[in-house]
>>> print(open('query19.pdb').read())   # PDB, C-alpha atoms, pLDDT in the B column
ATOM      1  CA  ALA P  25      20.938 -30.091 -21.217  1.00 77.00           C
ATOM      2  CA  GLN P  26      17.600 -29.431 -19.667  1.00 86.00           C
ATOM      3  CA  LYS P  27      16.349 -31.363 -16.654  1.00 93.00           C
ATOM      4  CA  VAL P  28      13.255 -31.420 -14.463  1.00 96.00           C
ATOM      5  CA  THR P  29      13.294 -32.819 -10.939  1.00 97.00           C
ATOM      6  CA  GLN P  30      10.214 -33.727  -8.938  1.00 97.00           C
ATOM      7  CA  ALA P  31      11.678 -34.924  -5.688  1.00 96.00           C
ATOM      8  CA  GLN P  32       8.366 -36.025  -4.197  1.00 97.00           C
ATOM      9  CA  THR P  33       7.567 -39.469  -5.541  1.00 95.00           C
ATOM     10  CA  GLU P  34       4.311 -39.877  -3.624  1.00 97.00           C
ATOM     11  CA  ILE P  35       2.213 -37.638  -1.398  1.00 97.00           C
ATOM     12  CA  SER P  36      -0.818 -38.678   0.609  1.00 98.00           C
ATOM     13  CA  VAL P  37      -3.177 -36.157   2.202  1.00 97.00           C
ATOM     14  CA  VAL P  38      -6.612 -36.091   3.725  1.00 97.00           C
ATOM     15  CA  GLU P  39      -9.371 -34.298   1.897  1.00 97.00           C
ATOM     16  CA  LYS P  40      -9.480 -30.516   2.459  1.00 97.00           C
ATOM     17  CA  GLU P  41      -5.775 -30.313   3.235  1.00 97.00           C
ATOM     18  CA  ASP P  42      -3.593 -28.004   1.151  1.00 98.00           C
ATOM     19  CA  VAL P  43      -0.770 -29.705  -0.732  1.00 98.00           C
ATOM     20  CA  THR P  44       2.229 -28.364  -2.654  1.00 98.00           C
ATOM     21  CA  LEU P  45       3.975 -30.288  -5.399  1.00 98.00           C
ATOM     22  CA  ASP P  46       7.577 -29.275  -5.976  1.00 98.00           C
ATOM     23  CA  CYS P  47       9.327 -28.857  -9.315  1.00 98.00           C
ATOM     24  CA  VAL P  48      12.923 -27.782  -9.871  1.00 98.00           C
ATOM     25  CA  TYR P  49      14.316 -27.290 -13.353  1.00 97.00           C
ATOM     26  CA  GLU P  50      17.670 -26.808 -15.066  1.00 96.00           C
ATOM     27  CA  THR P  51      18.229 -25.065 -18.360  1.00 92.00           C
ATOM     28  CA  ARG P  52      20.882 -22.931 -20.036  1.00 89.00           C
ATOM     29  CA  ASP P  53      18.380 -21.051 -22.172  1.00 87.00           C
ATOM     30  CA  THR P  54      17.116 -17.645 -21.147  1.00 87.00           C
ATOM     31  CA  THR P  55      13.837 -18.305 -22.932  1.00 88.00           C
ATOM     32  CA  TYR P  56      11.956 -21.358 -21.787  1.00 91.00           C
ATOM     33  CA  TYR P  57       8.501 -22.582 -20.862  1.00 91.00           C
ATOM     34  CA  LEU P  58       7.270 -24.543 -17.880  1.00 94.00           C
ATOM     35  CA  PHE P  59       4.200 -26.755 -17.697  1.00 95.00           C
ATOM     36  CA  TRP P  60       2.145 -28.851 -15.348  1.00 97.00           C
ATOM     37  CA  TYR P  61       0.131 -31.858 -16.467  1.00 97.00           C
ATOM     38  CA  LYS P  62      -2.285 -34.074 -14.578  1.00 97.00           C
ATOM     39  CA  GLN P  63      -2.587 -37.801 -15.281  1.00 96.00           C
ATOM     40  CA  PRO P  64      -5.673 -39.290 -13.614  1.00 95.00           C
ATOM     41  CA  PRO P  65      -6.100 -43.080 -13.339  1.00 91.00           C
ATOM     42  CA  SER P  66      -7.642 -43.128 -16.827  1.00 89.00           C
ATOM     43  CA  GLY P  67      -4.175 -42.386 -18.207  1.00 91.00           C
ATOM     44  CA  GLU P  68      -4.675 -39.351 -20.428  1.00 92.00           C
ATOM     45  CA  LEU P  69      -2.381 -36.426 -19.642  1.00 94.00           C
ATOM     46  CA  VAL P  70      -4.311 -33.215 -19.097  1.00 96.00           C
ATOM     47  CA  PHE P  71      -2.594 -29.880 -19.683  1.00 95.00           C
ATOM     48  CA  LEU P  72      -2.987 -27.550 -16.683  1.00 95.00           C
ATOM     49  CA  ILE P  73      -0.757 -24.521 -17.192  1.00 93.00           C
ATOM     50  CA  ARG P  74       2.114 -22.982 -19.159  1.00 91.00           C
ATOM     51  CA  ARG P  75       4.409 -20.252 -17.848  1.00 91.00           C
ATOM     52  CA  ASN P  76       6.994 -18.293 -19.836  1.00 88.00           C
ATOM     53  CA  SER P  77      10.442 -17.624 -18.432  1.00 90.00           C
ATOM     54  CA  PHE P  78       9.972 -13.877 -18.759  1.00 88.00           C
ATOM     55  CA  ASP P  79       6.753 -13.815 -16.738  1.00 85.00           C
ATOM     56  CA  GLU P  80       7.234 -14.601 -13.054  1.00 83.00           C
ATOM     57  CA  GLN P  81       3.784 -13.557 -12.004  1.00 83.00           C
ATOM     58  CA  ASN P  82       2.115 -16.261  -9.959  1.00 85.00           C
ATOM     59  CA  GLU P  83      -1.154 -17.632 -11.188  1.00 87.00           C
ATOM     60  CA  ILE P  84      -4.306 -18.825  -9.498  1.00 88.00           C
ATOM     61  CA  SER P  85      -7.078 -20.847 -11.080  1.00 89.00           C
ATOM     62  CA  GLY P  86      -9.756 -21.861  -8.630  1.00 93.00           C
ATOM     63  CA  ARG P  87      -8.168 -24.174  -6.067  1.00 95.00           C
ATOM     64  CA  TYR P  88      -4.950 -24.382  -8.106  1.00 96.00           C
ATOM     65  CA  SER P  89      -2.051 -21.953  -7.818  1.00 95.00           C
ATOM     66  CA  TRP P  90       1.440 -21.893  -9.224  1.00 95.00           C
ATOM     67  CA  ASN P  91       4.541 -20.221  -7.786  1.00 95.00           C
ATOM     68  CA  PHE P  92       7.282 -19.548 -10.339  1.00 95.00           C
ATOM     69  CA  GLN P  93      10.634 -18.386  -8.922  1.00 94.00           C
ATOM     70  CA  LYS P  94      13.536 -17.991 -11.342  1.00 93.00           C
ATOM     71  CA  SER P  95      15.962 -17.305  -8.470  1.00 93.00           C
ATOM     72  CA  THR P  96      15.524 -20.860  -7.218  1.00 95.00           C
ATOM     73  CA  SER P  97      14.613 -22.437 -10.596  1.00 96.00           C
ATOM     74  CA  SER P  98      11.363 -23.698  -9.150  1.00 97.00           C
ATOM     75  CA  PHE P  99       7.801 -23.926 -10.403  1.00 96.00           C
ATOM     76  CA  ASN P 100       5.694 -25.277  -7.556  1.00 97.00           C
ATOM     77  CA  PHE P 101       2.037 -26.242  -7.726  1.00 97.00           C
ATOM     78  CA  THR P 102      -0.350 -25.873  -4.802  1.00 97.00           C
ATOM     79  CA  ILE P 103      -3.802 -27.381  -4.494  1.00 97.00           C
ATOM     80  CA  THR P 104      -5.927 -25.713  -1.847  1.00 97.00           C
ATOM     81  CA  ALA P 105      -8.619 -27.681  -0.025  1.00 97.00           C
ATOM     82  CA  SER P 106      -7.766 -30.893  -1.863  1.00 97.00           C
ATOM     83  CA  GLN P 107     -10.499 -33.218  -3.055  1.00 97.00           C
ATOM     84  CA  VAL P 108     -10.565 -36.924  -3.841  1.00 97.00           C
ATOM     85  CA  VAL P 109     -10.862 -36.061  -7.551  1.00 96.00           C
ATOM     86  CA  ASP P 110      -7.428 -34.429  -7.347  1.00 97.00           C
ATOM     87  CA  SER P 111      -5.871 -37.868  -6.908  1.00 97.00           C
ATOM     88  CA  ALA P 112      -3.561 -38.333  -9.893  1.00 97.00           C
ATOM     89  CA  VAL P 113       0.033 -38.274 -11.030  1.00 96.00           C
ATOM     90  CA  TYR P 114       1.217 -34.731 -11.670  1.00 97.00           C
ATOM     91  CA  PHE P 115       4.034 -33.987 -14.095  1.00 97.00           C
ATOM     92  CA  CYS P 116       6.124 -30.864 -14.381  1.00 97.00           C
ATOM     93  CA  ALA P 117       7.729 -30.240 -17.779  1.00 95.00           C
ATOM     94  CA  LEU P 118      10.128 -27.837 -19.482  1.00 93.00           C
ATOM     95  CA  SER P 119      10.708 -26.768 -23.059  1.00 89.00           C
ATOM     96  CA  GLU P 120      13.401 -24.475 -24.331  1.00 81.00           C
ATOM     97  CA  GLY P 121      12.365 -21.700 -26.655  1.00 69.00           C
ATOM     98  CA  SER P 122      15.483 -21.324 -28.760  1.00 61.00           C
ATOM     99  CA  GLY P 123      16.100 -23.232 -31.946  1.00 56.00           C
ATOM    100  CA  GLY P 124      13.934 -25.582 -33.946  1.00 57.00           C
ATOM    101  CA  SER P 125      10.206 -25.776 -34.253  1.00 55.00           C
ATOM    102  CA  ASN P 126       9.544 -29.054 -32.540  1.00 60.00           C
ATOM    103  CA  TYR P 127       9.299 -27.716 -28.983  1.00 72.00           C
ATOM    104  CA  LYS P 128      10.179 -30.966 -27.257  1.00 82.00           C
ATOM    105  CA  LEU P 129       9.136 -31.294 -23.634  1.00 89.00           C
ATOM    106  CA  THR P 130      11.346 -32.657 -20.886  1.00 91.00           C
ATOM    107  CA  PHE P 131       9.205 -34.223 -18.179  1.00 93.00           C
ATOM    108  CA  GLY P 132       9.924 -34.840 -14.535  1.00 95.00           C
ATOM    109  CA  LYS P 133       9.223 -38.319 -13.193  1.00 94.00           C
ATOM    110  CA  GLY P 134       5.929 -37.238 -11.701  1.00 96.00           C
ATOM    111  CA  THR P 135       4.405 -37.063  -8.217  1.00 97.00           C
ATOM    112  CA  LEU P 136       1.596 -39.422  -7.273  1.00 97.00           C
ATOM    113  CA  LEU P 137      -0.927 -37.516  -5.188  1.00 98.00           C
ATOM    114  CA  THR P 138      -3.481 -39.503  -3.218  1.00 97.00           C
ATOM    115  CA  VAL P 139      -6.274 -37.605  -1.522  1.00 97.00           C
ATOM    116  CA  ASN P 140      -8.070 -39.722   1.048  1.00 97.00           C
ATOM    117  CA  PRO P 141     -11.652 -39.010   2.114  1.00 95.00           C
TER     118      PRO P 141
ATOM    119  CA  SER B  17     -12.019 -27.301 -31.187  1.00 86.00           C
ATOM    120  CA  GLN B  18      -9.164 -29.733 -31.554  1.00 88.00           C
ATOM    121  CA  THR B  19      -9.416 -33.395 -30.652  1.00 92.00           C
ATOM    122  CA  ILE B  20      -6.935 -36.218 -30.776  1.00 96.00           C
ATOM    123  CA  HIS B  21      -7.822 -39.862 -31.209  1.00 96.00           C
ATOM    124  CA  GLN B  22      -5.831 -42.992 -30.618  1.00 97.00           C
ATOM    125  CA  TRP B  23      -6.671 -46.598 -31.292  1.00 95.00           C
ATOM    126  CA  PRO B  24      -6.837 -49.220 -30.213  1.00 96.00           C
ATOM    127  CA  ALA B  25      -7.296 -48.400 -26.537  1.00 95.00           C
ATOM    128  CA  THR B  26      -5.821 -51.707 -25.395  1.00 96.00           C
ATOM    129  CA  LEU B  27      -3.866 -54.374 -27.199  1.00 97.00           C
ATOM    130  CA  VAL B  28      -2.391 -57.736 -26.239  1.00 97.00           C
ATOM    131  CA  GLN B  29       0.121 -59.085 -28.714  1.00 97.00           C
ATOM    132  CA  PRO B  30       2.526 -62.048 -28.691  1.00 97.00           C
ATOM    133  CA  VAL B  31       6.262 -61.573 -28.925  1.00 97.00           C
ATOM    134  CA  GLY B  32       7.394 -61.390 -32.530  1.00 96.00           C
ATOM    135  CA  SER B  33       4.094 -60.103 -33.900  1.00 97.00           C
ATOM    136  CA  PRO B  34       3.771 -56.791 -35.771  1.00 97.00           C
ATOM    137  CA  LEU B  35       2.331 -53.606 -34.323  1.00 96.00           C
ATOM    138  CA  SER B  36       0.438 -50.654 -35.699  1.00 97.00           C
ATOM    139  CA  LEU B  37      -0.923 -47.884 -33.489  1.00 97.00           C
ATOM    140  CA  GLU B  38      -2.726 -44.968 -35.050  1.00 97.00           C
ATOM    141  CA  CYS B  39      -3.205 -41.387 -33.948  1.00 97.00           C
ATOM    142  CA  THR B  40      -5.264 -38.715 -35.681  1.00 97.00           C
ATOM    143  CA  VAL B  41      -5.844 -35.080 -34.858  1.00 97.00           C
ATOM    144  CA  GLU B  42      -8.876 -33.016 -35.815  1.00 95.00           C
ATOM    145  CA  GLY B  43      -9.454 -29.302 -35.851  1.00 93.00           C
ATOM    146  CA  THR B  44      -5.939 -28.093 -36.614  1.00 91.00           C
ATOM    147  CA  SER B  45      -3.540 -28.007 -39.538  1.00 90.00           C
ATOM    148  CA  ASN B  46       0.154 -28.815 -39.766  1.00 91.00           C
ATOM    149  CA  PRO B  47       0.522 -29.816 -36.124  1.00 93.00           C
ATOM    150  CA  ASN B  48       3.702 -31.135 -34.568  1.00 92.00           C
ATOM    151  CA  LEU B  49       3.056 -34.749 -33.589  1.00 94.00           C
ATOM    152  CA  TYR B  50       4.695 -36.881 -30.928  1.00 94.00           C
ATOM    153  CA  TRP B  51       4.778 -40.498 -29.713  1.00 95.00           C
ATOM    154  CA  TYR B  52       5.629 -41.185 -26.071  1.00 95.00           C
ATOM    155  CA  ARG B  53       5.935 -44.399 -24.122  1.00 94.00           C
ATOM    156  CA  GLN B  54       5.206 -44.641 -20.428  1.00 93.00           C
ATOM    157  CA  ALA B  55       6.511 -47.812 -18.830  1.00 85.00           C
ATOM    158  CA  ALA B  56       5.815 -48.922 -15.274  1.00 78.00           C
ATOM    159  CA  GLY B  57       7.334 -46.345 -12.957  1.00 71.00           C
ATOM    160  CA  ARG B  58       5.592 -43.422 -14.659  1.00 74.00           C
ATOM    161  CA  GLY B  59       8.418 -41.805 -16.636  1.00 84.00           C
ATOM    162  CA  LEU B  60       7.468 -40.444 -20.057  1.00 91.00           C
ATOM    163  CA  GLN B  61       9.883 -41.265 -22.839  1.00 89.00           C
ATOM    164  CA  LEU B  62       9.690 -39.377 -26.133  1.00 91.00           C
ATOM    165  CA  LEU B  63      10.004 -41.885 -28.956  1.00 94.00           C
ATOM    166  CA  PHE B  64       9.371 -39.904 -32.147  1.00 94.00           C
ATOM    167  CA  TYR B  65       8.271 -36.477 -33.245  1.00 91.00           C
ATOM    168  CA  SER B  66       7.227 -35.044 -36.572  1.00 92.00           C
ATOM    169  CA  VAL B  67       6.997 -31.471 -37.826  1.00 90.00           C
ATOM    170  CA  GLY B  68       5.422 -32.370 -41.172  1.00 91.00           C
ATOM    171  CA  ILE B  69       4.306 -35.095 -43.568  1.00 94.00           C
ATOM    172  CA  GLY B  70       7.056 -37.653 -44.039  1.00 91.00           C
ATOM    173  CA  GLN B  71       9.332 -35.913 -41.528  1.00 91.00           C
ATOM    174  CA  ILE B  72      10.150 -38.160 -38.593  1.00 92.00           C
ATOM    175  CA  SER B  73      12.773 -37.687 -35.906  1.00 90.00           C
ATOM    176  CA  SER B  74      13.706 -40.560 -33.621  1.00 89.00           C
ATOM    177  CA  GLU B  75      14.742 -39.897 -30.075  1.00 85.00           C
ATOM    178  CA  VAL B  76      15.664 -43.387 -28.944  1.00 81.00           C
ATOM    179  CA  PRO B  77      17.037 -46.275 -31.050  1.00 67.00           C
ATOM    180  CA  GLN B  78      14.637 -49.142 -30.640  1.00 78.00           C
ATOM    181  CA  ASN B  79      12.437 -51.750 -32.175  1.00 87.00           C
ATOM    182  CA  LEU B  80       9.841 -49.202 -33.272  1.00 94.00           C
ATOM    183  CA  SER B  81       9.299 -46.901 -36.226  1.00 95.00           C
ATOM    184  CA  ALA B  82       6.906 -44.064 -36.979  1.00 96.00           C
ATOM    185  CA  SER B  83       5.325 -42.653 -40.100  1.00 96.00           C
ATOM    186  CA  ARG B  84       3.237 -39.630 -40.972  1.00 97.00           C
ATOM    187  CA  PRO B  85       1.404 -40.373 -44.212  1.00 95.00           C
ATOM    188  CA  GLN B  86      -1.021 -37.463 -43.844  1.00 95.00           C
ATOM    189  CA  ASP B  87      -0.893 -34.090 -42.145  1.00 95.00           C
ATOM    190  CA  ARG B  88      -2.920 -35.162 -39.121  1.00 96.00           C
ATOM    191  CA  GLN B  89      -2.125 -38.862 -38.970  1.00 97.00           C
ATOM    192  CA  PHE B  90       0.746 -40.404 -37.047  1.00 97.00           C
ATOM    193  CA  ILE B  91       1.425 -44.135 -36.958  1.00 97.00           C
ATOM    194  CA  LEU B  92       3.674 -46.131 -34.655  1.00 97.00           C
ATOM    195  CA  SER B  93       4.806 -49.507 -35.958  1.00 96.00           C
ATOM    196  CA  SER B  94       6.960 -52.494 -35.251  1.00 96.00           C
ATOM    197  CA  LYS B  95       7.783 -55.505 -37.388  1.00 95.00           C
ATOM    198  CA  LYS B  96       8.471 -57.792 -34.426  1.00 95.00           C
ATOM    199  CA  LEU B  97       7.428 -56.913 -30.902  1.00 95.00           C
ATOM    200  CA  LEU B  98       9.632 -57.563 -27.888  1.00 94.00           C
ATOM    201  CA  LEU B  99       8.527 -58.067 -24.299  1.00 94.00           C
ATOM    202  CA  SER B 100      10.181 -54.749 -23.471  1.00 91.00           C
ATOM    203  CA  ASP B 101       7.787 -52.966 -25.858  1.00 93.00           C
ATOM    204  CA  SER B 102       4.973 -53.339 -23.317  1.00 94.00           C
ATOM    205  CA  GLY B 103       3.754 -50.037 -21.953  1.00 94.00           C
ATOM    206  CA  PHE B 104       1.336 -47.176 -22.312  1.00 96.00           C
ATOM    207  CA  TYR B 105       1.718 -45.314 -25.613  1.00 96.00           C
ATOM    208  CA  LEU B 106       0.630 -41.733 -25.824  1.00 96.00           C
ATOM    209  CA  CYS B 107       0.273 -39.573 -28.896  1.00 97.00           C
ATOM    210  CA  ALA B 108       0.369 -35.795 -28.585  1.00 96.00           C
ATOM    211  CA  TRP B 109       0.132 -32.731 -30.782  1.00 95.00           C
ATOM    212  CA  SER B 110       1.222 -29.129 -30.514  1.00 92.00           C
ATOM    213  CA  SER B 111       0.779 -26.124 -32.746  1.00 87.00           C
ATOM    214  CA  ALA B 112       3.577 -25.522 -35.224  1.00 79.00           C
ATOM    215  CA  GLY B 113       5.211 -22.292 -34.162  1.00 68.00           C
ATOM    216  CA  GLY B 114       2.765 -22.097 -31.290  1.00 62.00           C
ATOM    217  CA  LEU B 115       3.075 -21.866 -27.558  1.00 65.00           C
ATOM    218  CA  HIS B 116       4.737 -25.212 -26.900  1.00 76.00           C
ATOM    219  CA  GLU B 117       2.125 -27.005 -24.861  1.00 88.00           C
ATOM    220  CA  GLN B 118       1.310 -30.478 -26.055  1.00 93.00           C
ATOM    221  CA  TYR B 119      -2.119 -32.050 -25.941  1.00 94.00           C
ATOM    222  CA  PHE B 120      -2.335 -35.755 -25.382  1.00 96.00           C
ATOM    223  CA  GLY B 121      -4.580 -38.491 -26.652  1.00 96.00           C
ATOM    224  CA  PRO B 122      -6.226 -41.142 -24.468  1.00 96.00           C
ATOM    225  CA  GLY B 123      -3.365 -43.602 -24.961  1.00 95.00           C
ATOM    226  CA  THR B 124      -2.982 -47.244 -25.961  1.00 96.00           C
ATOM    227  CA  ARG B 125      -2.086 -49.829 -23.354  1.00 95.00           C
ATOM    228  CA  LEU B 126       0.075 -52.490 -25.023  1.00 96.00           C
ATOM    229  CA  THR B 127       0.899 -55.795 -23.376  1.00 96.00           C
ATOM    230  CA  VAL B 128       3.366 -58.067 -25.148  1.00 96.00           C
ATOM    231  CA  THR B 129       3.086 -61.670 -23.977  1.00 96.00           C
TER     232      THR B 129
END
>>> encode(input="query19.pdb", output="structure tokens")
Amino acid sequence: AQKVTQAQTEISVVEKEDVTLDCVYETRDTTYYLFWYKQPPSGELVFLIRRNSFDEQNEISGRYSWNFQKSTSSFNFTITASQVVDSAVYFCALSEGSGGSNYKLTFGKGTLLTVNP
Amino acid sequence: SQTIHQWPATLVQPVGSPLSLECTVEGTSNPNLYWYRQAAGRGLQLLFYSVGIGQISSEVPQNLSASRPQDRQFILSSKKLLLSDSGFYLCAWSSAGGLHEQYFGPGTRLTVT
């Protein structure tokens, strides 16, 4: 069975600090997909990124970067020069690519990030 | 572009009353549709998913049911609400045969009193 672990329940930083959110996953499939979502106080989950299991290239988007390492089953998310608007709950998620067409996501329990001015 | 709507945004209902939450998607055809519940403590629980009209799969036995009367409409219902049904209900869609990511609606905050 697939599983996603976000060991950090809450993180608090001061604005402009860099912060890394950890995500460790478990799956028996060789084809799978990893995701990060942001849930601001308004409640709506916002899709940030998808990575495929066969593409370990790290990705950078502005102040956001993602480090995917299959050897350690990790998909960590770093925010550089954090801002107050980054305050939110961040979820890591996993879907397995084999079988079915429903593509169910398994979510971690989320990390609450608070960026203080 | 695709958009997803949910209503109502908030709802306060007494125990034992019925429930109907609606979700509609625009700008796509034959999407996969999902209902999640997020209780206090943040965890997201998948309740139902649907890959087509009239096709509903339940993930967790409970007091709720779901229906998909039209391609882009997904309804979450209950005949008699329980206190434990309180929570934040999120609808999501993904492309059938697509790249797996799900896109979420704004959610409905349900309080059962």
>>> resolve_selection(input="query19.pdb", expression="the PyMOL selection byres ((chain P and resi 70) around 8)", output="list in words")
Tyr61, Lys62, Gln63, Glu68, Leu69, Phe71 and Leu72 of chain P; Tyr119 and Phe120 of chain B
>>> interface_residues(input="query19.pdb", of="chain B", to="chain P", cutoff="8 Å", atoms="only C-alpha atoms", output="ChimeraX atom specification")
/B:48,58-60,65-67,106,112-113,116-123
>>> write_last_selection(input="query19.pdb", atoms="C-alpha atoms", output="PDB file, keeping the file's coordinate frame")
ATOM      1  CA  ASN B  48       3.702 -31.135 -34.568  1.00 92.00           C
ATOM      2  CA  ARG B  58       5.592 -43.422 -14.659  1.00 74.00           C
ATOM      3  CA  GLY B  59       8.418 -41.805 -16.636  1.00 84.00           C
ATOM      4  CA  LEU B  60       7.468 -40.444 -20.057  1.00 91.00           C
ATOM      5  CA  TYR B  65       8.271 -36.477 -33.245  1.00 91.00           C
ATOM      6  CA  SER B  66       7.227 -35.044 -36.572  1.00 92.00           C
ATOM      7  CA  VAL B  67       6.997 -31.471 -37.826  1.00 90.00           C
ATOM      8  CA  LEU B 106       0.630 -41.733 -25.824  1.00 96.00           C
ATOM      9  CA  ALA B 112       3.577 -25.522 -35.224  1.00 79.00           C
ATOM     10  CA  GLY B 113       5.211 -22.292 -34.162  1.00 68.00           C
ATOM     11  CA  HIS B 116       4.737 -25.212 -26.900  1.00 76.00           C
ATOM     12  CA  GLU B 117       2.125 -27.005 -24.861  1.00 88.00           C
ATOM     13  CA  GLN B 118       1.310 -30.478 -26.055  1.00 93.00           C
ATOM     14  CA  TYR B 119      -2.119 -32.050 -25.941  1.00 94.00           C
ATOM     15  CA  PHE B 120      -2.335 -35.755 -25.382  1.00 96.00           C
ATOM     16  CA  GLY B 121      -4.580 -38.491 -26.652  1.00 96.00           C
ATOM     17  CA  PRO B 122      -6.226 -41.142 -24.468  1.00 96.00           C
ATOM     18  CA  GLY B 123      -3.365 -43.602 -24.961  1.00 95.00           C
TER      19      GLY B 123
END
>>> residues_near_point(input="query19.pdb", point="(12.4, -44.4, -25.3)", cutoff="8 Å", atoms="only C-alpha atoms", output="ChimeraX atom specification")
/B:52-53,61-63,75-78
>>> resolve_selection(input="query19.pdb", expression="the PyMOL selection byres ((chain P and resi 48) around 9)", output="list in words")
Lys27, Val28, Thr29, Gln30, Ala31, Asp46, Cys47, Tyr49, Glu50, Thr96, Ser97, Ser98, Phe99, Asn100, Cys116 and Gly132 of chain P
>>> resolve_selection(input="query19.pdb", expression="the PyMOL selection byres ((chain B and resi 28-38) around 10)", output="count of residues only")
38
>>> atom_distance(input="query19.pdb", atom1="CA of Tyr114 (chain P)", atom2="CA of Ser74 (chain B)")
25.9 Å
>>> atom_distance(input="query19.pdb", atom1="CA of Arg52 (chain P)", atom2="CA of Gln81 (chain P)")
21.1 Å
>>> atom_distance(input="query19.pdb", atom1="CA of Glu34 (chain P)", atom2="CA of Thr104 (chain P)")
17.6 Å
>>> residues_around(input="query19.pdb", residues="Thr44 (chain B)", least_positions_apart="6", cutoff="9 Å", atoms="all atoms listed in the file", output="PyMOL selection string")
chain B and resi 17-19+88+111
>>> residues_near_point(input="query19.pdb", point="(-10.1, -36.7, -8.7)", cutoff="9 Å", atoms="all atoms listed in the file", output="list of chain:residue names")
P:Pro64, P:Pro65, P:Gln107, P:Val108, P:Val109, P:Asp110, P:Ser111, P:Ala112, P:Val139
>>> write_last_selection(input="query19.pdb", atoms="C-alpha atoms", output="PDB file, keeping the file's coordinate frame")
ATOM      1  CA  PRO P  64      -5.673 -39.290 -13.614  1.00 95.00           C
ATOM      2  CA  PRO P  65      -6.100 -43.080 -13.339  1.00 91.00           C
ATOM      3  CA  GLN P 107     -10.499 -33.218  -3.055  1.00 97.00           C
ATOM      4  CA  VAL P 108     -10.565 -36.924  -3.841  1.00 97.00           C
ATOM      5  CA  VAL P 109     -10.862 -36.061  -7.551  1.00 96.00           C
ATOM      6  CA  ASP P 110      -7.428 -34.429  -7.347  1.00 97.00           C
ATOM      7  CA  SER P 111      -5.871 -37.868  -6.908  1.00 97.00           C
ATOM      8  CA  ALA P 112      -3.561 -38.333  -9.893  1.00 97.00           C
ATOM      9  CA  VAL P 139      -6.274 -37.605  -1.522  1.00 97.00           C
TER      10      VAL P 139
END
>>> residues_around(input="query19.pdb", residues="Ala105 (chain P)", least_positions_apart="4", cutoff="10 Å", atoms="only C-alpha atoms", output="compact mmCIF listing (two decimals) with C-alpha atoms, in the frame of the given file")
# COMPACT_ATOMS: atom_id res chain seq x y z
CA VAL P 38 -6.61 -36.09 3.72
CA GLU P 39 -9.37 -34.30 1.90
CA LYS P 40 -9.48 -30.52 2.46
CA GLU P 41 -5.78 -30.31 3.24
CA ASP P 42 -3.59 -28.00 1.15
CA VAL P 43 -0.77 -29.70 -0.73
CA ARG P 87 -8.17 -24.17 -6.07
CA TYR P 88 -4.95 -24.38 -8.11
>>> axis_aligned_box(input="query19.pdb", around="region 101-110 of chain B", padding_each_side="6 Å", output="AutoDock Vina command-line options")
--center_x 4.0 --center_y -41.2 --center_z -26.4 --size_x 19.7 --size_y 36.2 --size_z 20.8
